[in-house]
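Reading through the structure tokens given below for one structure.
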Amino acid sequence: MDAFKGKFERIAAENYEEFLKALNVGFLLRKAATVSTPVMEVSEAGGTWSLKTSTTLKNMELKFKLGEEFDETTPDGRETRAVVTFDDGKIVTVQTAKKAGQKSTRSVREMTGPDQMLYTMMIEGSQVVCKQTFKRV
């Protein structure tokens with residue numbers, strides 16, 4: 001997982017607004033999210049990994065230990081039970097919604113070159129897929 005460590009800036013997004021719409025994110029938050037240029041920083045200390053995402057509007061941090069379940073409130077407000085694993089060279093996050101009627105998601109981060117990361121997000125039970133490309137800064 002050391003290849004993932006560092007700072008990355010989003011340089012492209014495909015189907016992001018559709019993905020947010022499928023998660024029932026409101027219009028204003030969708031617009032703010034789609035026009036922002038987030039920077040993602042991946043780090044690790046003592047077996048605890050951190051994924052920090054920063055924009056001009058909001059900063060978020062996901063801290064986890066590989067393979068250990070934890071409670072997470074997603075940026076769009078869903079209460080989930082989450083687990084992050086490292087499978088086949090990819091960081092895989094599964095967020096299972098705690099409340100009936102809310103969506104569960106799965107995301108995969110993979111290095112597509114020494115300085116480029118592909119971040120793919122899917123909604124369980126849906127055909128909506130969002131792909132974001134990040135470049136090391």
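Identifiers for the structure tokens are assigned positionally: chains receive A, B, ... in sequence, residues are indexed from 1 per chain, and ligands are indexed from 1 in the order shown.
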Name all residues at most 6 Å from Thr53 in chain A (count only C-alpha atoms; drop same-chain ones fewer than 3 positions away) and give them as a compact mmCIF listing (two decimals) with N, CA and C atoms, in the first residue's frame.
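File out.txt, as written:
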```txt
# COMPACT_ATOMS: atom_id res chain seq x y z
N VAL A 39 -8.24 17.53 -2.94
CA VAL A 39 -6.90 16.96 -2.77
C VAL A 39 -7.04 15.84 -1.75
N MET A 40 -6.57 14.65 -2.11
CA MET A 40 -6.63 13.49 -1.24
C MET A 40 -5.21 13.18 -0.75
N ASN A 59 -13.43 19.62 4.68
CA ASN A 59 -12.33 18.68 4.89
C ASN A 59 -12.91 17.44 5.56
N MET A 60 -12.48 16.28 5.08
CA MET A 60 -12.95 15.03 5.65
C MET A 60 -11.75 14.12 5.87
```
List every residue of range 8-40 of chain A that has an atom at most 12 Å from any atom of range 92-102 of chain A, and for each one report the closest atom pair and its distance in Å to one decimal, counting only C-alpha atoms, with rows sorted by chain and then by increasing residue number, as a tab-separated table.
```
residue	atom	partner	partner_atom	distance
A:Ala22	CA	A:Gln102	CA	10.5
A:Leu23	CA	A:Gln102	CA	8.0
A:Asn24	CA	A:Gln102	CA	9.2
A:Val25	CA	A:Gln102	CA	11.7
```
Take the residues that were just selected and, keeping all heavy atoms, output them as a short mmCIF file (atom, residue, chain, number, x, y, z; two decimals), in the first residue's frame.
```cif
data_model
loop_
_atom_site.label_atom_id
_atom_site.label_comp_id
_atom_site.auth_asym_id
_atom_site.auth_seq_id
_atom_site.Cartn_x
_atom_site.Cartn_y
_atom_site.Cartn_z
N ALA A 22 -27.99 9.87 -7.21
CA ALA A 22 -28.48 8.54 -6.82
C ALA A 22 -28.40 8.33 -5.31
O ALA A 22 -29.15 7.53 -4.75
CB ALA A 22 -27.71 7.45 -7.55
N LEU A 23 -27.50 9.08 -4.64
CA LEU A 23 -27.39 9.01 -3.18
C LEU A 23 -28.32 10.02 -2.50
O LEU A 23 -28.27 10.19 -1.28
CB LEU A 23 -25.94 9.26 -2.74
CG LEU A 23 -24.95 8.15 -3.01
CD1 LEU A 23 -23.55 8.59 -2.62
CD2 LEU A 23 -25.33 6.87 -2.27
N ASN A 24 -29.13 10.71 -3.30
CA ASN A 24 -30.09 11.70 -2.80
C ASN A 24 -29.40 12.94 -2.20
O ASN A 24 -29.93 13.56 -1.28
CB ASN A 24 -31.07 11.09 -1.80
CG ASN A 24 -31.89 9.99 -2.42
OD1 ASN A 24 -32.35 10.12 -3.56
ND2 ASN A 24 -32.04 8.88 -1.72
N VAL A 25 -28.24 13.29 -2.72
CA VAL A 25 -27.55 14.51 -2.29
C VAL A 25 -28.25 15.69 -2.96
O VAL A 25 -28.54 15.66 -4.16
CB VAL A 25 -26.05 14.46 -2.69
CG1 VAL A 25 -25.37 15.79 -2.38
CG2 VAL A 25 -25.35 13.31 -1.97
#
```
Practice prompt. Determine the nearest neighbour of Glu9 in chain A from the options A:Gly26, A:Gly46, A:Pro38, A:Pro75, counting only C-alpha atoms.
Written response: A:Pro38
Practice prompt. Report as a PyMOL selection string: the residues of range 8-99 of chain A with a DSSP assignment of helix (DSSP H, G or I), based on the backbone of this structure.
Written response: chain A and resi 16-22+27-35
Output file for the selection above: N, CA, C and O atoms, as a compact mmCIF listing (two decimals), in the first residue's frame:
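Result saved to result-v6.txt:
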```
# COMPACT_ATOMS: atom_id res chain seq x y z
N TYR A 16 -20.01 11.84 -11.78
CA TYR A 16 -20.01 12.21 -10.37
C TYR A 16 -21.37 12.79 -9.95
O TYR A 16 -21.92 12.42 -8.92
N GLU A 17 -21.91 13.69 -10.76
CA GLU A 17 -23.20 14.28 -10.39
C GLU A 17 -24.30 13.21 -10.36
O GLU A 17 -25.13 13.20 -9.45
N GLU A 18 -24.29 12.29 -11.31
CA GLU A 18 -25.28 11.21 -11.34
C GLU A 18 -25.15 10.33 -10.09
O GLU A 18 -26.14 9.90 -9.51
N PHE A 19 -23.90 10.07 -9.69
CA PHE A 19 -23.64 9.28 -8.49
C PHE A 19 -24.22 9.98 -7.25
O PHE A 19 -24.94 9.36 -6.46
N LEU A 20 -23.95 11.26 -7.11
CA LEU A 20 -24.45 12.02 -5.96
C LEU A 20 -25.97 12.10 -5.98
O LEU A 20 -26.63 12.00 -4.93
N LYS A 21 -26.54 12.25 -7.16
CA LYS A 21 -28.00 12.30 -7.30
C LYS A 21 -28.62 10.98 -6.84
O LYS A 21 -29.63 10.97 -6.14
N ALA A 22 -27.99 9.87 -7.21
CA ALA A 22 -28.48 8.54 -6.82
C ALA A 22 -28.40 8.33 -5.31
O ALA A 22 -29.15 7.53 -4.75
N PHE A 27 -29.24 19.48 -4.50
CA PHE A 27 -28.71 20.21 -5.64
C PHE A 27 -27.49 21.06 -5.30
O PHE A 27 -26.46 20.99 -5.97
N LEU A 28 -27.57 21.87 -4.24
CA LEU A 28 -26.47 22.78 -3.91
C LEU A 28 -25.21 22.02 -3.53
O LEU A 28 -24.11 22.38 -3.97
N LEU A 29 -25.35 20.97 -2.73
CA LEU A 29 -24.17 20.18 -2.36
C LEU A 29 -23.58 19.46 -3.57
O LEU A 29 -22.37 19.34 -3.69
N ARG A 30 -24.46 18.99 -4.46
CA ARG A 30 -23.96 18.33 -5.69
C ARG A 30 -23.15 19.31 -6.51
O ARG A 30 -22.07 18.97 -7.00
N LYS A 31 -23.66 20.52 -6.69
CA LYS A 31 -22.95 21.52 -7.50
C LYS A 31 -21.62 21.87 -6.86
O LYS A 31 -20.60 21.97 -7.54
N ALA A 32 -21.61 22.06 -5.55
CA ALA A 32 -20.37 22.39 -4.85
C ALA A 32 -19.35 21.26 -5.01
O ALA A 32 -18.16 21.50 -5.25
N ALA A 33 -19.82 20.02 -4.90
CA ALA A 33 -18.92 18.86 -4.99
C ALA A 33 -18.36 18.71 -6.40
O ALA A 33 -17.17 18.38 -6.57
N THR A 34 -19.17 18.97 -7.41
CA THR A 34 -18.71 18.73 -8.78
C THR A 34 -17.78 19.82 -9.29
O THR A 34 -16.97 19.56 -10.17
N VAL A 35 -17.86 21.03 -8.74
CA VAL A 35 -16.97 22.10 -9.21
C VAL A 35 -15.69 22.20 -8.38
O VAL A 35 -14.76 22.89 -8.77
```
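Reported to one decimal place, the separation of CA of Met121 in chain A from CA of Val108 in chain A is 6.6 Å.
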Practice prompt. From the DSSP assignment of the backbone, select every residue of range 25-74 of chain A that is strand (DSSP E), and format the answer as a PyMOL selection string.
Written response: chain A and resi 39-45+48-54+59-64+70-73
Worksheet item: Of the candidates A:Glu79, A:Arg136, A:Asn15, A:Asp87, which one gets nearest to Gly113 in chain A if we count only C-alpha atoms?
Response: A:Arg136
